[in-house]
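S.K.: Provided below: work.cif, containing mmCIF, C-alpha atoms, pLDDT in the B column; chains and numbers go by the auth columns.
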```
data_protein
loop_
_atom_site.group_PDB
_atom_site.id
_atom_site.type_symbol
_atom_site.label_atom_id
_atom_site.label_comp_id
_atom_site.label_asym_id
_atom_site.label_seq_id
_atom_site.Cartn_x
_atom_site.Cartn_y
_atom_site.Cartn_z
_atom_site.B_iso_or_equiv
_atom_site.auth_seq_id
_atom_site.auth_asym_id
ATOM 1 C CA MET A 1 13.684 12.710 -118.313 81.00 1 A
ATOM 2 C CA SER A 2 15.280 13.688 -115.021 88.00 2 A
ATOM 3 C CA LEU A 3 14.908 11.257 -112.125 91.00 3 A
ATOM 4 C CA ILE A 4 15.226 14.152 -109.692 94.00 4 A
ATOM 5 C CA GLN A 5 12.824 17.027 -109.123 94.00 5 A
ATOM 6 C CA SER A 6 14.028 20.041 -107.161 95.00 6 A
ATOM 7 C CA GLU A 7 12.640 23.335 -105.928 96.00 7 A
ATOM 8 C CA LEU A 8 14.338 26.196 -104.104 96.00 8 A
ATOM 9 C CA SER A 9 12.236 28.184 -101.637 96.00 9 A
ATOM 10 C CA ALA A 10 12.542 31.902 -101.040 95.00 10 A
ATOM 11 C CA SER A 11 14.328 31.142 -97.757 94.00 11 A
ATOM 12 C CA GLY A 12 16.973 29.048 -99.501 96.00 12 A
ATOM 13 C CA VAL A 13 15.664 25.569 -98.686 97.00 13 A
ATOM 14 C CA LEU A 14 16.274 23.265 -101.632 97.00 14 A
ATOM 15 C CA THR A 15 13.875 20.307 -101.738 97.00 15 A
ATOM 16 C CA VAL A 16 15.315 17.417 -103.754 97.00 16 A
ATOM 17 C CA GLN A 17 12.834 14.675 -104.628 97.00 17 A
ATOM 18 C CA LEU A 18 13.790 11.244 -105.941 96.00 18 A
ATOM 19 C CA HIS A 19 11.345 10.726 -108.788 95.00 19 A
ATOM 20 C CA ASN A 20 11.248 7.411 -110.610 93.00 20 A
ATOM 21 C CA PRO A 21 7.793 5.923 -109.923 92.00 21 A
ATOM 22 C CA ALA A 22 8.339 2.956 -112.236 90.00 22 A
ATOM 23 C CA SER A 23 11.063 1.603 -109.918 92.00 23 A
ATOM 24 C CA ARG A 24 9.785 3.103 -106.646 94.00 24 A
ATOM 25 C CA ASN A 25 12.569 5.708 -106.781 94.00 25 A
ATOM 26 C CA ALA A 26 15.330 3.125 -107.052 92.00 26 A
ATOM 27 C CA LEU A 27 18.868 4.494 -106.917 88.00 27 A
ATOM 28 C CA SER A 28 20.823 4.309 -110.165 86.00 28 A
ATOM 29 C CA VAL A 29 23.762 5.778 -112.039 85.00 29 A
ATOM 30 C CA LYS A 30 21.464 8.167 -113.945 90.00 30 A
ATOM 31 C CA MET A 31 19.769 9.253 -110.729 88.00 31 A
ATOM 32 C CA PHE A 32 23.188 10.138 -109.297 89.00 32 A
ATOM 33 C CA HIS A 33 23.982 12.372 -112.259 90.00 33 A
ATOM 34 C CA ASP A 34 20.563 14.074 -112.001 92.00 34 A
ATOM 35 C CA PHE A 35 21.080 14.352 -108.231 90.00 35 A
ATOM 36 C CA THR A 36 24.416 16.119 -108.728 90.00 36 A
ATOM 37 C CA THR A 37 22.875 18.539 -111.209 91.00 37 A
ATOM 38 C CA ALA A 38 20.018 19.391 -108.845 91.00 38 A
ATOM 39 C CA LEU A 39 22.414 20.197 -106.012 89.00 39 A
ATOM 40 C CA SER A 40 24.781 22.279 -108.106 89.00 40 A
ATOM 41 C CA GLN A 41 22.449 24.408 -110.201 90.00 41 A
ATOM 42 C CA HIS A 42 21.424 26.854 -107.450 91.00 42 A
ATOM 43 C CA GLY A 43 24.910 27.657 -106.149 88.00 43 A
ATOM 44 C CA ASP A 44 25.288 29.590 -102.912 89.00 44 A
ATOM 45 C CA ARG A 45 21.586 30.446 -102.797 94.00 45 A
ATOM 46 C CA VAL A 46 21.056 27.070 -101.084 96.00 46 A
ATOM 47 C CA LYS A 47 20.988 27.451 -97.291 96.00 47 A
ATOM 48 C CA ALA A 48 19.643 23.975 -96.431 97.00 48 A
ATOM 49 C CA VAL A 49 18.594 20.841 -98.311 98.00 49 A
ATOM 50 C CA VAL A 50 15.662 18.460 -97.838 98.00 50 A
ATOM 51 C CA PHE A 51 15.769 15.022 -99.466 97.00 51 A
ATOM 52 C CA THR A 52 12.575 13.075 -100.042 97.00 52 A
ATOM 53 C CA GLY A 53 10.888 10.620 -102.410 97.00 53 A
ATOM 54 C CA SER A 54 7.817 10.787 -104.630 96.00 54 A
ATOM 55 C CA GLY A 55 4.670 8.707 -104.694 95.00 55 A
ATOM 56 C CA GLY A 56 4.618 7.899 -100.981 95.00 56 A
ATOM 57 C CA VAL A 57 7.972 6.082 -101.178 97.00 57 A
ATOM 58 C CA PHE A 58 11.348 7.407 -100.089 97.00 58 A
ATOM 59 C CA SER A 59 13.289 4.894 -102.196 96.00 59 A
ATOM 60 C CA SER A 60 13.459 1.159 -102.820 93.00 60 A
ATOM 61 C CA GLY A 61 17.251 1.362 -102.797 89.00 61 A
ATOM 62 C CA GLY A 62 19.096 -0.567 -105.487 82.00 62 A
ATOM 63 C CA ASP A 63 16.812 -1.881 -108.248 78.00 63 A
ATOM 64 C CA LEU A 64 16.681 -5.646 -107.712 73.00 64 A
ATOM 65 C CA ALA A 65 15.142 -6.095 -111.152 74.00 65 A
ATOM 66 C CA GLN A 66 18.410 -4.806 -112.622 75.00 66 A
ATOM 67 C CA MET A 67 20.646 -7.002 -110.438 66.00 67 A
ATOM 68 C CA PRO A 68 23.128 -8.427 -110.863 71.00 68 A
ATOM 69 C CA PRO A 69 24.806 -6.027 -113.284 74.00 69 A
ATOM 70 C CA ALA A 70 26.120 -7.402 -116.568 76.00 70 A
ATOM 71 C CA ASP A 71 29.659 -7.742 -115.263 78.00 71 A
ATOM 72 C CA GLU A 72 32.033 -6.618 -112.527 81.00 72 A
ATOM 73 C CA ARG A 73 32.655 -3.322 -114.302 82.00 73 A
ATOM 74 C CA GLY A 74 28.910 -2.630 -114.207 79.00 74 A
ATOM 75 C CA ALA A 75 28.862 -3.581 -110.531 78.00 75 A
ATOM 76 C CA ASP A 76 31.653 -1.096 -109.801 82.00 76 A
ATOM 77 C CA GLU A 77 29.869 1.646 -111.741 83.00 77 A
ATOM 78 C CA GLN A 78 26.653 1.113 -109.781 81.00 78 A
ATOM 79 C CA MET A 79 28.404 1.003 -106.410 81.00 79 A
ATOM 80 C CA ASP A 80 30.511 4.061 -107.258 84.00 80 A
ATOM 81 C CA ALA A 81 27.372 6.037 -108.137 85.00 81 A
ATOM 82 C CA ILE A 82 25.643 5.149 -104.861 85.00 82 A
ATOM 83 C CA ALA A 83 28.805 5.902 -102.883 86.00 83 A
ATOM 84 C CA ALA A 84 29.212 9.245 -104.643 88.00 84 A
ATOM 85 C CA MET A 85 25.602 10.154 -103.821 88.00 85 A
ATOM 86 C CA VAL A 86 26.155 9.417 -100.132 88.00 86 A
ATOM 87 C CA ARG A 87 29.481 11.286 -100.106 89.00 87 A
ATOM 88 C CA LEU A 88 27.801 14.258 -101.746 93.00 88 A
ATOM 89 C CA VAL A 89 25.210 14.439 -98.962 94.00 89 A
ATOM 90 C CA THR A 90 27.679 13.949 -96.096 91.00 90 A
ATOM 91 C CA GLY A 91 29.950 16.549 -97.674 92.00 91 A
ATOM 92 C CA LEU A 92 27.339 19.304 -97.827 95.00 92 A
ATOM 93 C CA GLU A 93 28.361 22.367 -95.838 94.00 93 A
ATOM 94 C CA VAL A 94 24.737 23.420 -95.345 96.00 94 A
ATOM 95 C CA PRO A 95 22.243 21.541 -93.126 97.00 95 A
ATOM 96 C CA SER A 96 20.518 18.532 -94.673 98.00 96 A
ATOM 97 C CA VAL A 97 17.278 16.843 -93.634 98.00 97 A
ATOM 98 C CA ALA A 98 15.781 13.573 -94.886 98.00 98 A
ATOM 99 C CA ALA A 99 11.977 13.475 -95.096 98.00 99 A
ATOM 100 C CA VAL A 100 10.990 9.802 -95.068 98.00 100 A
ATOM 101 C CA SER A 101 7.482 8.705 -95.981 98.00 101 A
ATOM 102 C CA GLY A 102 6.771 5.100 -96.852 97.00 102 A
ATOM 103 C CA PRO A 103 9.566 2.580 -97.410 97.00 103 A
ATOM 104 C CA ALA A 104 13.252 3.473 -97.336 97.00 104 A
ATOM 105 C CA ALA A 105 15.048 0.303 -98.365 95.00 105 A
ATOM 106 C CA GLY A 106 18.599 -0.892 -98.779 91.00 106 A
ATOM 107 C CA ALA A 107 21.117 1.755 -99.823 90.00 107 A
ATOM 108 C CA ALA A 108 18.410 4.435 -99.586 95.00 108 A
ATOM 109 C CA VAL A 109 18.586 4.071 -95.797 96.00 109 A
ATOM 110 C CA GLY A 110 22.214 5.113 -96.112 92.00 110 A
ATOM 111 C CA LEU A 111 21.164 8.156 -98.122 95.00 111 A
ATOM 112 C CA ALA A 112 18.727 9.169 -95.372 97.00 112 A
ATOM 113 C CA LEU A 113 21.254 8.552 -92.596 95.00 113 A
ATOM 114 C CA ALA A 114 23.838 10.662 -94.450 93.00 114 A
ATOM 115 C CA CYS A 115 21.663 13.696 -93.628 97.00 115 A
ATOM 116 C CA ASP A 116 22.089 15.761 -90.479 97.00 116 A
ATOM 117 C CA ALA A 117 18.518 15.031 -89.411 98.00 117 A
ATOM 118 C CA VAL A 118 15.975 12.366 -90.328 98.00 118 A
ATOM 119 C CA ILE A 119 12.277 13.217 -90.062 98.00 119 A
ATOM 120 C CA ALA A 120 9.811 10.384 -90.639 98.00 120 A
ATOM 121 C CA ASP A 121 6.045 10.172 -90.590 97.00 121 A
ATOM 122 C CA GLU A 122 3.916 7.283 -89.420 97.00 122 A
ATOM 123 C CA THR A 123 3.977 5.612 -92.844 97.00 123 A
ATOM 124 C CA ALA A 124 7.765 5.311 -92.838 98.00 124 A
ATOM 125 C CA VAL A 125 9.471 1.943 -92.623 98.00 125 A
ATOM 126 C CA PHE A 126 13.184 1.251 -92.847 98.00 126 A
ATOM 127 C CA VAL A 127 14.099 -1.962 -94.640 95.00 127 A
ATOM 128 C CA LEU A 128 17.573 -3.485 -94.294 94.00 128 A
ATOM 129 C CA PRO A 129 17.232 -6.740 -96.252 90.00 129 A
ATOM 130 C CA PHE A 130 20.883 -7.429 -97.013 89.00 130 A
ATOM 131 C CA THR A 131 21.458 -10.673 -95.099 87.00 131 A
ATOM 132 C CA ARG A 132 18.208 -12.045 -96.545 86.00 132 A
ATOM 133 C CA LEU A 133 19.497 -11.256 -100.044 83.00 133 A
ATOM 134 C CA GLY A 134 23.067 -12.442 -99.637 78.00 134 A
ATOM 135 C CA LEU A 135 24.561 -8.951 -99.963 83.00 135 A
ATOM 136 C CA LEU A 136 26.690 -6.711 -97.771 84.00 136 A
ATOM 137 C CA PRO A 137 24.973 -3.562 -96.499 88.00 137 A
ATOM 138 C CA ASP A 138 25.841 -0.708 -98.853 87.00 138 A
ATOM 139 C CA GLY A 139 25.175 3.009 -99.189 88.00 139 A
ATOM 140 C CA GLY A 140 27.529 3.630 -96.253 88.00 140 A
ATOM 141 C CA ILE A 141 25.113 1.941 -93.863 89.00 141 A
ATOM 142 C CA LEU A 142 27.768 -0.006 -91.957 89.00 142 A
ATOM 143 C CA SER A 143 29.259 3.318 -90.871 87.00 143 A
ATOM 144 C CA LEU A 144 26.227 5.605 -90.794 90.00 144 A
ATOM 145 C CA LEU A 145 23.888 3.273 -88.896 91.00 145 A
ATOM 146 C CA ALA A 146 26.587 2.402 -86.365 89.00 146 A
ATOM 147 C CA ALA A 147 27.242 6.110 -85.820 90.00 147 A
ATOM 148 C CA ARG A 148 23.569 6.654 -84.969 93.00 148 A
ATOM 149 C CA VAL A 149 22.714 3.594 -82.895 94.00 149 A
ATOM 150 C CA GLY A 150 26.088 2.115 -81.894 89.00 150 A
ATOM 151 C CA PRO A 151 27.940 -0.865 -83.404 88.00 151 A
ATOM 152 C CA ALA A 152 26.172 -3.563 -81.360 93.00 152 A
ATOM 153 C CA ARG A 153 22.662 -2.345 -82.199 95.00 153 A
ATOM 154 C CA ALA A 154 23.608 -1.802 -85.841 92.00 154 A
ATOM 155 C CA ARG A 155 24.941 -5.353 -86.040 93.00 155 A
ATOM 156 C CA TYR A 156 21.756 -6.746 -84.532 97.00 156 A
ATOM 157 C CA LEU A 157 19.479 -4.792 -86.875 97.00 157 A
ATOM 158 C CA LEU A 158 21.492 -5.663 -89.974 92.00 158 A
ATOM 159 C CA LEU A 159 21.794 -9.364 -89.169 94.00 159 A
ATOM 160 C CA ARG A 160 18.130 -9.682 -88.212 94.00 160 A
ATOM 161 C CA ALA A 161 17.008 -7.791 -91.340 92.00 161 A
ATOM 162 C CA GLU A 162 13.463 -7.104 -90.152 95.00 162 A
ATOM 163 C CA PRO A 163 11.550 -4.006 -91.332 96.00 163 A
ATOM 164 C CA ILE A 164 11.716 -1.175 -88.778 98.00 164 A
ATOM 165 C CA PRO A 165 8.551 0.974 -88.551 98.00 165 A
ATOM 166 C CA ALA A 166 8.731 4.646 -87.685 98.00 166 A
ATOM 167 C CA ALA A 167 8.040 4.346 -83.955 97.00 167 A
ATOM 168 C CA ALA A 168 10.732 1.705 -83.485 98.00 168 A
ATOM 169 C CA ALA A 169 13.154 3.708 -85.627 98.00 169 A
ATOM 170 C CA LEU A 170 12.602 6.703 -83.360 98.00 170 A
ATOM 171 C CA ALA A 171 13.108 4.651 -80.208 97.00 171 A
ATOM 172 C CA GLN A 172 16.381 3.245 -81.536 96.00 172 A
ATOM 173 C CA GLY A 173 17.778 6.555 -82.765 97.00 173 A
ATOM 174 C CA ILE A 174 17.524 5.871 -86.494 97.00 174 A
ATOM 175 C CA VAL A 175 15.259 8.903 -86.907 98.00 175 A
ATOM 176 C CA ASP A 176 15.192 12.141 -84.949 98.00 176 A
ATOM 177 C CA GLU A 177 11.466 12.859 -85.093 97.00 177 A
ATOM 178 C CA VAL A 178 8.241 11.165 -86.150 98.00 178 A
ATOM 179 C CA ALA A 179 5.999 13.957 -87.381 96.00 179 A
ATOM 180 C CA GLY A 180 2.287 13.934 -86.714 91.00 180 A
ATOM 181 C CA GLU A 181 1.798 14.967 -90.351 90.00 181 A
ATOM 182 C CA ALA A 182 3.491 14.113 -93.630 94.00 182 A
ATOM 183 C CA ALA A 183 7.263 14.075 -93.236 97.00 183 A
ATOM 184 C CA LEU A 184 8.011 16.596 -95.989 98.00 184 A
ATOM 185 C CA PRO A 185 6.413 19.756 -94.537 97.00 185 A
ATOM 186 C CA ALA A 186 7.875 18.957 -91.125 98.00 186 A
ATOM 187 C CA ALA A 187 11.325 18.472 -92.669 98.00 187 A
ATOM 188 C CA GLN A 188 11.016 21.693 -94.673 98.00 188 A
ATOM 189 C CA ARG A 189 10.167 23.659 -91.538 98.00 189 A
ATOM 190 C CA LEU A 190 13.175 22.211 -89.734 98.00 190 A
ATOM 191 C CA ALA A 191 15.418 22.940 -92.722 98.00 191 A
ATOM 192 C CA GLY A 192 14.101 26.491 -92.841 97.00 192 A
ATOM 193 C CA ASP A 193 14.982 26.902 -89.187 96.00 193 A
ATOM 194 C CA LEU A 194 18.474 25.424 -89.665 97.00 194 A
ATOM 195 C CA ALA A 195 19.023 27.625 -92.727 96.00 195 A
ATOM 196 C CA GLY A 196 19.075 30.590 -90.354 94.00 196 A
ATOM 197 C CA ARG A 197 22.070 29.317 -88.393 94.00 197 A
ATOM 198 C CA ALA A 198 25.513 30.878 -88.884 93.00 198 A
ATOM 199 C CA PRO A 199 27.013 29.215 -91.994 93.00 199 A
ATOM 200 C CA ALA A 200 30.602 28.924 -90.744 92.00 200 A
ATOM 201 C CA ALA A 201 29.484 27.495 -87.406 91.00 201 A
ATOM 202 C CA VAL A 202 27.291 24.950 -89.227 94.00 202 A
ATOM 203 C CA SER A 203 29.974 23.857 -91.683 93.00 203 A
ATOM 204 C CA GLY A 204 32.603 23.671 -88.937 91.00 204 A
ATOM 205 C CA THR A 205 30.408 21.526 -86.708 91.00 205 A
ATOM 206 C CA LYS A 206 29.559 19.223 -89.598 93.00 206 A
ATOM 207 C CA ALA A 207 33.214 18.872 -90.616 89.00 207 A
ATOM 208 C CA VAL A 208 34.320 17.676 -87.171 86.00 208 A
ATOM 209 C CA LEU A 209 31.421 15.246 -86.724 86.00 209 A
ATOM 210 C CA ARG A 210 31.232 14.068 -90.349 82.00 210 A
ATOM 211 C CA TYR A 211 32.512 10.515 -90.018 71.00 211 A
ATOM 212 C CA ARG A 212 32.802 9.665 -86.350 72.00 212 A
ATOM 213 C CA ALA A 213 32.734 11.102 -82.892 64.00 213 A
ATOM 214 C CA PRO A 214 36.077 12.837 -82.309 60.00 214 A
ATOM 215 C CA SER A 215 38.282 12.035 -79.354 67.00 215 A
ATOM 216 C CA LEU A 216 38.394 14.669 -76.631 64.00 216 A
ATOM 217 C CA GLU A 217 41.756 15.960 -77.863 71.00 217 A
ATOM 218 C CA GLU A 218 40.564 16.093 -81.490 66.00 218 A
ATOM 219 C CA ALA A 219 37.470 18.026 -80.403 62.00 219 A
ATOM 220 C CA LEU A 220 39.490 20.506 -78.341 68.00 220 A
ATOM 221 C CA ALA A 221 41.934 21.078 -81.221 72.00 221 A
ATOM 222 C CA ALA A 222 39.086 21.599 -83.700 68.00 222 A
ATOM 223 C CA GLU A 223 37.385 24.051 -81.337 59.00 223 A
ATOM 224 C CA LYS A 224 40.573 26.098 -80.981 68.00 224 A
ATOM 225 C CA ASN A 225 41.206 26.255 -84.731 72.00 225 A
ATOM 226 C CA ALA A 226 37.624 27.252 -85.550 71.00 226 A
ATOM 227 C CA GLN A 227 37.026 29.729 -82.747 64.00 227 A
ATOM 228 C CA ARG A 228 40.279 31.575 -83.564 65.00 228 A
ATOM 229 C CA ARG A 229 38.544 32.635 -86.791 74.00 229 A
ATOM 230 C CA LEU A 230 34.889 32.744 -85.723 71.00 230 A
ATOM 231 C CA PHE A 231 35.415 35.036 -82.726 69.00 231 A
ATOM 232 C CA PHE A 232 36.307 37.807 -85.185 78.00 232 A
ATOM 233 C CA SER A 233 33.641 37.078 -87.810 84.00 233 A
ATOM 234 C CA ALA A 234 30.786 39.390 -88.743 85.00 234 A
ATOM 235 C CA ASP A 235 28.350 36.569 -88.014 84.00 235 A
ATOM 236 C CA PHE A 236 29.499 36.257 -84.402 76.00 236 A
ATOM 237 C CA ALA A 237 29.164 40.023 -83.942 83.00 237 A
ATOM 238 C CA GLU A 238 25.645 39.840 -85.381 83.00 238 A
ATOM 239 C CA GLY A 239 24.757 36.801 -83.259 75.00 239 A
ATOM 240 C CA LYS A 240 25.928 38.559 -80.123 73.00 240 A
ATOM 241 C CA ARG A 241 23.962 41.718 -80.952 85.00 241 A
ATOM 242 C CA ALA A 242 20.839 39.704 -81.715 82.00 242 A
ATOM 243 C CA PHE A 243 21.162 37.797 -78.433 71.00 243 A
ATOM 244 C CA PHE A 244 21.252 40.959 -76.345 79.00 244 A
ATOM 245 C CA GLU A 245 18.573 42.639 -78.453 88.00 245 A
ATOM 246 C CA ARG A 246 16.329 39.553 -78.116 84.00 246 A
ATOM 247 C CA ARG A 247 15.780 39.112 -81.855 87.00 247 A
ATOM 248 C CA ASP A 248 16.590 36.575 -84.543 84.00 248 A
ATOM 249 C CA PRO A 249 20.073 37.058 -86.033 85.00 249 A
ATOM 250 C CA ARG A 250 20.582 37.897 -89.708 84.00 250 A
ATOM 251 C CA PHE A 251 23.681 35.975 -90.707 87.00 251 A
ATOM 252 C CA THR A 252 25.607 36.706 -93.901 85.00 252 A
ATOM 253 C CA GLY A 253 28.270 33.996 -93.828 82.00 253 A
ATOM 254 C CA GLU A 254 31.029 36.543 -93.265 79.00 254 A
#
```
Please rewrite the model in this file as structure tokens.
M.R.:
Amino acid sequence: MSLIQSELSASGVLTVQLHNPASRNALSVKMFHDFTTALSQHGDRVKAVVFTGSGGVFSSGGDLAQMPPADERGADEQMDAIAAMVRLVTGLEVPSVAAVSGPAAGAAVGLALACDAVIADETAVFVLPFTRLGLLPDGGILSLLAARVGPARARYLLLRAEPIPAAAALAQGIVDEVAGEAALPAAQRLAGDLAGRAPAAVSGTKAVLRYRAPSLEEALAAEKNAQRRLFFSADFAEGKRAFFERRDPRFTGE
């Protein structure tokens, strides 16, 4: 049985749902393989991706009931799977949105923060229990959380290890929006909107900002390299026409 459920909308928004109720959607090696399959099976029809959890839970992170692994090789396999899942999300060329309802714990916070946008609802709570468990933050959190809230605030939150409810997460920059409804429909609407952006402009922006804020010189160099190509693209011509005609553009990725 697959631990991932996915559905592609007519507008190209792929909703990927972590689905393992028995472990509260805990991340695992099998889930990574199912995750990879879900993202690859629709090809270039995918214009944006929404990640969410089932049963009112985003994910409990690593399954504590299965820890520690049998040996160091098992530990490496588990960590490699979680790392690959996070890399897969950060490496997406299309927009990605996390829809967080209920708890997002441990490495699952990293999975959410790997997305371009994080939409939560009022049931969401972010749990970073690592220092209370005797573990190092994983799932890329040391990088991804610091990128969102700054190193000093990330250090404070990770050392304190207190649950962070939705309103506090919004105030601190962990999430981008707290929806007045369930997170999933709000995230799907945002993803649908982002799916209409020019593909090359989206992928180029994501590539420059993927891991850290660039220096001024890095940003200027990246702008020059990208614009040299994009100025002469069909999408820019369409975007310009649409702007002057006061209509929504119809981008083709060319």
S.K.: Applying 7 Å and all atoms listed in the file, which residues near region 63-75 of chain A remain after dropping the ones on its own chain fewer than 2 positions away? List them as a count of residues only.
M.R.: 7
S.K.: Taking the file as I've supplied it (selection: the PyMOL selection byres ((chain A and resi 237) around 12)), which residues are included? Please answer as JSON, numbers by chain.
M.R.: {"A": [198, 230, 231, 232, 233, 234, 235, 236, 238, 239, 240, 241, 242, 243, 244, 249, 250, 251, 252, 253, 254]}
S.K.: Between CA of Pro103 (chain A) and CA of Leu18 (chain A), what is the distance in Å, rounded to a tenth?
M.R.: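 Atom-to-atom, CA of Pro103 (chain A) and CA of Leu18 (chain A) are spaced 12.9 Å apart.
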S.K.: Is there a way to get, as a list of chain:residue names, all residues within 6 Å of the point (13.4, 13.7, -102.3) in file coordinates, counting all atoms listed in the file?
M.R.: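 Those within range, by chain then number, are A:Val16, A:Gln17, A:Leu18, A:Phe51, A:Thr52, A:Gly53.
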S.K.: Smallest atom-to-atom distance to Ile119 (chain A): which of A:Gly150, A:Gly62, A:Gly180, A:Gly139, using all atoms listed in the file?
M.R.: A:Gly180
S.K.: What does the structure give for the distance between CA of Ala147 (chain A) and CA of Phe32 (chain A), in Å to one decimal?
M.R.: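 CA of Phe32 (chain A) lies at a distance of 24.2 Å from CA of Ala147 (chain A).
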S.K.: Report as a PyMOL selection string all protein, DNA and RNA residues lying within 10 Å of Ala98 (chain A), evaluated on all atoms listed in the file, omitting residues in the same chain fewer than 5 positions from it.
M.R.: chain A and resi 15-16+49-53+58+109+111-120+175+183-184+187-188+191
S.K.: Given the selection you just returned, output its residues as a file containing C-alpha atoms, formatted as a CSV table (one decimal), in the frame of the given file.
M.R.:
```
chain,number,residue,atom,x,y,z
A,15,THR,CA,13.9,20.3,-101.7
A,16,VAL,CA,15.3,17.4,-103.8
A,49,VAL,CA,18.6,20.8,-98.3
A,50,VAL,CA,15.7,18.5,-97.8
A,51,PHE,CA,15.8,15.0,-99.5
A,52,THR,CA,12.6,13.1,-100.0
A,53,GLY,CA,10.9,10.6,-102.4
A,58,PHE,CA,11.3,7.4,-100.1
A,109,VAL,CA,18.6,4.1,-95.8
A,111,LEU,CA,21.2,8.2,-98.1
A,112,ALA,CA,18.7,9.2,-95.4
A,113,LEU,CA,21.3,8.6,-92.6
A,114,ALA,CA,23.8,10.7,-94.4
A,115,CYS,CA,21.7,13.7,-93.6
A,116,ASP,CA,22.1,15.8,-90.5
A,117,ALA,CA,18.5,15.0,-89.4
A,118,VAL,CA,16.0,12.4,-90.3
A,119,ILE,CA,12.3,13.2,-90.1
A,120,ALA,CA,9.8,10.4,-90.6
A,175,VAL,CA,15.3,8.9,-86.9
A,183,ALA,CA,7.3,14.1,-93.2
A,184,LEU,CA,8.0,16.6,-96.0
A,187,ALA,CA,11.3,18.5,-92.7
A,188,GLN,CA,11.0,21.7,-94.7
A,191,ALA,CA,15.4,22.9,-92.7
```
S.K.: Find, counting only C-alpha atoms, the residue in A:Leu3, A:Ala182, A:Ala48, A:Ala99 that gets nearest to Ala22 (chain A).
M.R.: A:Leu3
S.K.: Provide the CA of His33 (chain A) to CA of Ala83 (chain A) distance in Å, to one decimal place.
M.R.: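 Taking CA of His33 (chain A) and CA of Ala83 (chain A), their separation equals 12.4 Å.
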